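Note sheet for the following structure.
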Amino acid sequence: MWIARLLLPIVLLPVLAACTGDSATSSSVPTPSPSGVDPLVPYSPAPTPFVERTTGFIPDTLTLPTADGGKLFVTPVTTTMTTTYVHDARALAVYLEMENPGEAAWTGSAGTDAQVTDLTGAVFAAVPPAPGDLHPDPQRYGGSNQSLLKPVTVKPGATVSGALVFHVTGGNRPVTLRISLDGGATWGEWATNLGVF
């Protein structure tokens, strides 16, 4: 019996260490940044295997047709949101990658027909980034602060990264990111949740 009492702490120590883990390495929740722009962990399912489609969840890759008959693979890599309200709104930044699988270059603006909608019918169009809307180090989360409201060129086989900003009002709720690259004929739609704020 005394051997069991002696061995019990030795056996339980590795189990307890594995269960608690090191909070510096096991936490998936990002710490607030001193910039006032925090990474937003999307409340969405894990990415699904790639299939050409126009609906999914952030961060699924969707296939969007372009006005010139081509297509782009568009992926919302990550999102951030400002921690303070300005005029009853906060800046939601969506960091995108656009890949051109075609044989001709595509030039256009992903933000021309881009919006965030919610279940109440509210629509928030993409807006030019204001000072403080974008994260100061988006590369840390796989993003780029290049504004996708401005025209970009995606060469065949290449990928372009950038951000779209939406000034959204309201609280925690399901939303849909909508982007069209063919003048609104076809919409790519990503469902997610803004998270608690």
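Residues are named by chain letter and number: chains run A, B, ... in the order of the structure tokens, numbers start at 1 in each chain, and ligands are numbered from 1 in the order shown.
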>> Residues near Glu97 in chain A, anyone? I mean within 12 Å using only C-alpha atoms, not counting same-chain ones fewer than 5 positions away, as a PyMOL selection string.
In response: chain A and resi 59-63+72-78+110+142-148+152+154+158-164
Any chance you could export the current selection's C-alpha atoms as a PDB file, in the first residue's frame?
```pdb
ATOM      1  CA  PRO A  59     -11.645  30.590 -44.026  1.00  0.00           C
ATOM      2  CA  ASP A  60     -12.848  28.347 -46.894  1.00  0.00           C
ATOM      3  CA  THR A  61     -11.491  28.993 -50.382  1.00  0.00           C
ATOM      4  CA  LEU A  62     -14.293  29.849 -52.808  1.00  0.00           C
ATOM      5  CA  THR A  63     -14.206  30.055 -56.609  1.00  0.00           C
ATOM      6  CA  LEU A  72     -10.184  33.454 -58.996  1.00  0.00           C
ATOM      7  CA  PHE A  73      -9.788  31.330 -55.881  1.00  0.00           C
ATOM      8  CA  VAL A  74     -10.551  33.698 -52.980  1.00  0.00           C
ATOM      9  CA  THR A  75      -9.677  32.882 -49.365  1.00  0.00           C
ATOM     10  CA  PRO A  76     -10.409  35.051 -46.315  1.00  0.00           C
ATOM     11  CA  VAL A  77      -7.215  34.176 -44.436  1.00  0.00           C
ATOM     12  CA  THR A  78      -8.057  35.978 -41.195  1.00  0.00           C
ATOM     13  CA  ALA A 110     -12.355  42.898 -54.999  1.00  0.00           C
ATOM     14  CA  GLY A 142      -0.990  35.699 -42.685  1.00  0.00           C
ATOM     15  CA  GLY A 143      -2.425  38.946 -44.052  1.00  0.00           C
ATOM     16  CA  SER A 144      -1.439  42.089 -45.960  1.00  0.00           C
ATOM     17  CA  ASN A 145      -2.693  45.664 -45.510  1.00  0.00           C
ATOM     18  CA  GLN A 146      -2.849  46.364 -49.263  1.00  0.00           C
ATOM     19  CA  SER A 147      -6.311  47.824 -49.903  1.00  0.00           C
ATOM     20  CA  LEU A 148      -8.379  45.624 -52.189  1.00  0.00           C
ATOM     21  CA  VAL A 152      -4.907  44.972 -58.382  1.00  0.00           C
ATOM     22  CA  VAL A 154      -3.372  38.901 -60.350  1.00  0.00           C
ATOM     23  CA  ALA A 158       0.043  34.098 -58.896  1.00  0.00           C
ATOM     24  CA  THR A 159      -1.587  35.092 -55.613  1.00  0.00           C
ATOM     25  CA  VAL A 160      -2.287  38.626 -54.380  1.00  0.00           C
ATOM     26  CA  SER A 161      -3.010  39.416 -50.732  1.00  0.00           C
ATOM     27  CA  GLY A 162      -4.825  42.406 -49.285  1.00  0.00           C
ATOM     28  CA  ALA A 163      -7.568  43.631 -47.000  1.00  0.00           C
ATOM     29  CA  LEU A 164     -11.122  44.906 -47.142  1.00  0.00           C
TER      30      LEU A 164
END
```
>> Give me, as a ChimeraX atom specification, the residues of range 49-171 of chain A that a backbone DSSP run labels strand (DSSP E or B).
In response: /A:55-57,62-66,71-82,86,89-99,106-108,113-118,123-127,147,152-154,159-168
Using C-alpha atoms, can you write the selected residues to a file as a PDB file, in the first residue's frame?
```
ATOM      1  CA  THR A  55     -20.551  29.429 -50.499  1.00  0.00           C
ATOM      2  CA  GLY A  56     -18.757  28.368 -47.344  1.00  0.00           C
ATOM      3  CA  PHE A  57     -17.376  29.573 -44.039  1.00  0.00           C
ATOM      4  CA  LEU A  62     -14.293  29.849 -52.808  1.00  0.00           C
ATOM      5  CA  THR A  63     -14.206  30.055 -56.609  1.00  0.00           C
ATOM      6  CA  LEU A  64     -15.481  33.367 -57.959  1.00  0.00           C
ATOM      7  CA  PRO A  65     -16.084  33.982 -61.667  1.00  0.00           C
ATOM      8  CA  THR A  66     -14.727  37.235 -63.080  1.00  0.00           C
ATOM      9  CA  LYS A  71     -12.104  32.811 -62.203  1.00  0.00           C
ATOM     10  CA  LEU A  72     -10.184  33.454 -58.996  1.00  0.00           C
ATOM     11  CA  PHE A  73      -9.788  31.330 -55.881  1.00  0.00           C
ATOM     12  CA  VAL A  74     -10.551  33.698 -52.980  1.00  0.00           C
ATOM     13  CA  THR A  75      -9.677  32.882 -49.365  1.00  0.00           C
ATOM     14  CA  PRO A  76     -10.409  35.051 -46.315  1.00  0.00           C
ATOM     15  CA  VAL A  77      -7.215  34.176 -44.436  1.00  0.00           C
ATOM     16  CA  THR A  78      -8.057  35.978 -41.195  1.00  0.00           C
ATOM     17  CA  THR A  79     -10.004  38.903 -39.764  1.00  0.00           C
ATOM     18  CA  THR A  80      -9.353  41.668 -37.246  1.00  0.00           C
ATOM     19  CA  MET A  81     -11.601  44.125 -35.471  1.00  0.00           C
ATOM     20  CA  THR A  82     -10.891  47.413 -33.728  1.00  0.00           C
ATOM     21  CA  VAL A  86     -16.022  55.291 -33.690  1.00  0.00           C
ATOM     22  CA  ALA A  89     -19.162  51.346 -35.495  1.00  0.00           C
ATOM     23  CA  ARG A  90     -16.055  49.204 -35.347  1.00  0.00           C
ATOM     24  CA  ALA A  91     -13.755  48.341 -38.216  1.00  0.00           C
ATOM     25  CA  LEU A  92     -13.883  44.730 -39.358  1.00  0.00           C
ATOM     26  CA  ALA A  93     -10.885  43.997 -41.600  1.00  0.00           C
ATOM     27  CA  VAL A  94     -10.966  40.862 -43.731  1.00  0.00           C
ATOM     28  CA  TYR A  95      -7.579  39.734 -45.037  1.00  0.00           C
ATOM     29  CA  LEU A  96      -7.916  37.976 -48.384  1.00  0.00           C
ATOM     30  CA  GLU A  97      -5.777  35.952 -50.760  1.00  0.00           C
ATOM     31  CA  MET A  98      -6.791  35.890 -54.415  1.00  0.00           C
ATOM     32  CA  GLU A  99      -5.206  33.197 -56.587  1.00  0.00           C
ATOM     33  CA  TRP A 106      -7.090  39.561 -63.971  1.00  0.00           C
ATOM     34  CA  THR A 107      -7.218  43.245 -63.046  1.00  0.00           C
ATOM     35  CA  GLY A 108      -9.947  44.646 -60.851  1.00  0.00           C
ATOM     36  CA  ASP A 113     -18.896  44.626 -54.884  1.00  0.00           C
ATOM     37  CA  ALA A 114     -18.039  43.564 -51.330  1.00  0.00           C
ATOM     38  CA  GLN A 115     -20.268  43.729 -48.287  1.00  0.00           C
ATOM     39  CA  VAL A 116     -21.020  42.256 -44.898  1.00  0.00           C
ATOM     40  CA  THR A 117     -24.679  41.445 -44.217  1.00  0.00           C
ATOM     41  CA  ASP A 118     -26.509  40.197 -41.141  1.00  0.00           C
ATOM     42  CA  VAL A 123     -25.616  45.806 -45.278  1.00  0.00           C
ATOM     43  CA  PHE A 124     -22.140  47.226 -44.671  1.00  0.00           C
ATOM     44  CA  ALA A 125     -20.214  48.015 -47.861  1.00  0.00           C
ATOM     45  CA  ALA A 126     -16.427  47.907 -48.012  1.00  0.00           C
ATOM     46  CA  VAL A 127     -14.900  51.302 -47.189  1.00  0.00           C
ATOM     47  CA  SER A 147      -6.311  47.824 -49.903  1.00  0.00           C
ATOM     48  CA  VAL A 152      -4.907  44.972 -58.382  1.00  0.00           C
ATOM     49  CA  THR A 153      -3.564  42.633 -61.026  1.00  0.00           C
ATOM     50  CA  VAL A 154      -3.372  38.901 -60.350  1.00  0.00           C
ATOM     51  CA  THR A 159      -1.587  35.092 -55.613  1.00  0.00           C
ATOM     52  CA  VAL A 160      -2.287  38.626 -54.380  1.00  0.00           C
ATOM     53  CA  SER A 161      -3.010  39.416 -50.732  1.00  0.00           C
ATOM     54  CA  GLY A 162      -4.825  42.406 -49.285  1.00  0.00           C
ATOM     55  CA  ALA A 163      -7.568  43.631 -47.000  1.00  0.00           C
ATOM     56  CA  LEU A 164     -11.122  44.906 -47.142  1.00  0.00           C
ATOM     57  CA  VAL A 165     -12.536  47.042 -44.328  1.00  0.00           C
ATOM     58  CA  PHE A 166     -16.172  47.240 -43.221  1.00  0.00           C
ATOM     59  CA  HIS A 167     -17.476  49.659 -40.562  1.00  0.00           C
ATOM     60  CA  VAL A 168     -20.048  47.489 -38.808  1.00  0.00           C
TER      61      VAL A 168
END
```
> What is the distance, in Å and to one decimal place, between CA of Val51 in chain A and CA of Pro174 in chain A?
Replying inline: 23.7 Å
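Take CA of Gly184 in chain A and CA of Asn172 in chain A: the distance between them is 27.4 Å.
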Determine which residues of range 62-174 of chain A receive a DSSP assignment of helix (DSSP H, G or I), computed from the backbone, and state them as a CSV table (one decimal) with all heavy atoms, in the first residue's frame.
```csv
chain,number,residue,atom,x,y,z
A,138,PRO,N,-0.1,42.7,-39.9
A,138,PRO,CA,-1.0,41.6,-40.4
A,138,PRO,C,-0.2,40.4,-40.9
A,138,PRO,O,-0.8,39.3,-40.9
A,138,PRO,CB,-1.7,42.3,-41.6
A,138,PRO,CG,-0.7,43.3,-42.1
A,138,PRO,CD,0.0,43.8,-40.9
A,139,GLN,N,1.1,40.5,-41.2
A,139,GLN,CA,1.8,39.3,-41.6
A,139,GLN,C,1.9,38.3,-40.5
A,139,GLN,O,1.9,37.1,-40.8
A,139,GLN,CB,3.3,39.7,-42.0
A,139,GLN,CG,3.4,40.6,-43.2
A,139,GLN,CD,3.1,42.1,-42.9
A,139,GLN,OE1,3.1,42.5,-41.8
A,139,GLN,NE2,2.9,42.9,-43.9
A,140,ARG,N,1.8,38.7,-39.3
A,140,ARG,CA,1.7,37.8,-38.1
A,140,ARG,C,0.6,36.8,-38.2
A,140,ARG,O,0.7,35.7,-37.7
A,140,ARG,CB,1.6,38.7,-36.8
A,140,ARG,CG,1.6,37.9,-35.6
A,140,ARG,CD,1.5,38.8,-34.4
A,140,ARG,NE,1.3,38.1,-33.2
A,140,ARG,CZ,1.1,38.6,-32.0
A,140,ARG,NH1,1.0,39.9,-31.9
A,140,ARG,NH2,0.9,37.8,-30.9
A,141,TYR,N,-0.5,37.3,-38.9
A,141,TYR,CA,-1.7,36.4,-39.0
A,141,TYR,C,-1.9,36.0,-40.5
A,141,TYR,O,-3.0,35.5,-40.8
A,141,TYR,CB,-2.9,37.2,-38.5
A,141,TYR,CG,-2.7,37.7,-37.1
A,141,TYR,CD1,-2.4,39.0,-36.9
A,141,TYR,CD2,-2.8,36.8,-36.0
A,141,TYR,CE1,-2.2,39.5,-35.6
A,141,TYR,CE2,-2.5,37.3,-34.7
A,141,TYR,CZ,-2.3,38.6,-34.5
A,141,TYR,OH,-2.0,39.0,-33.2
```
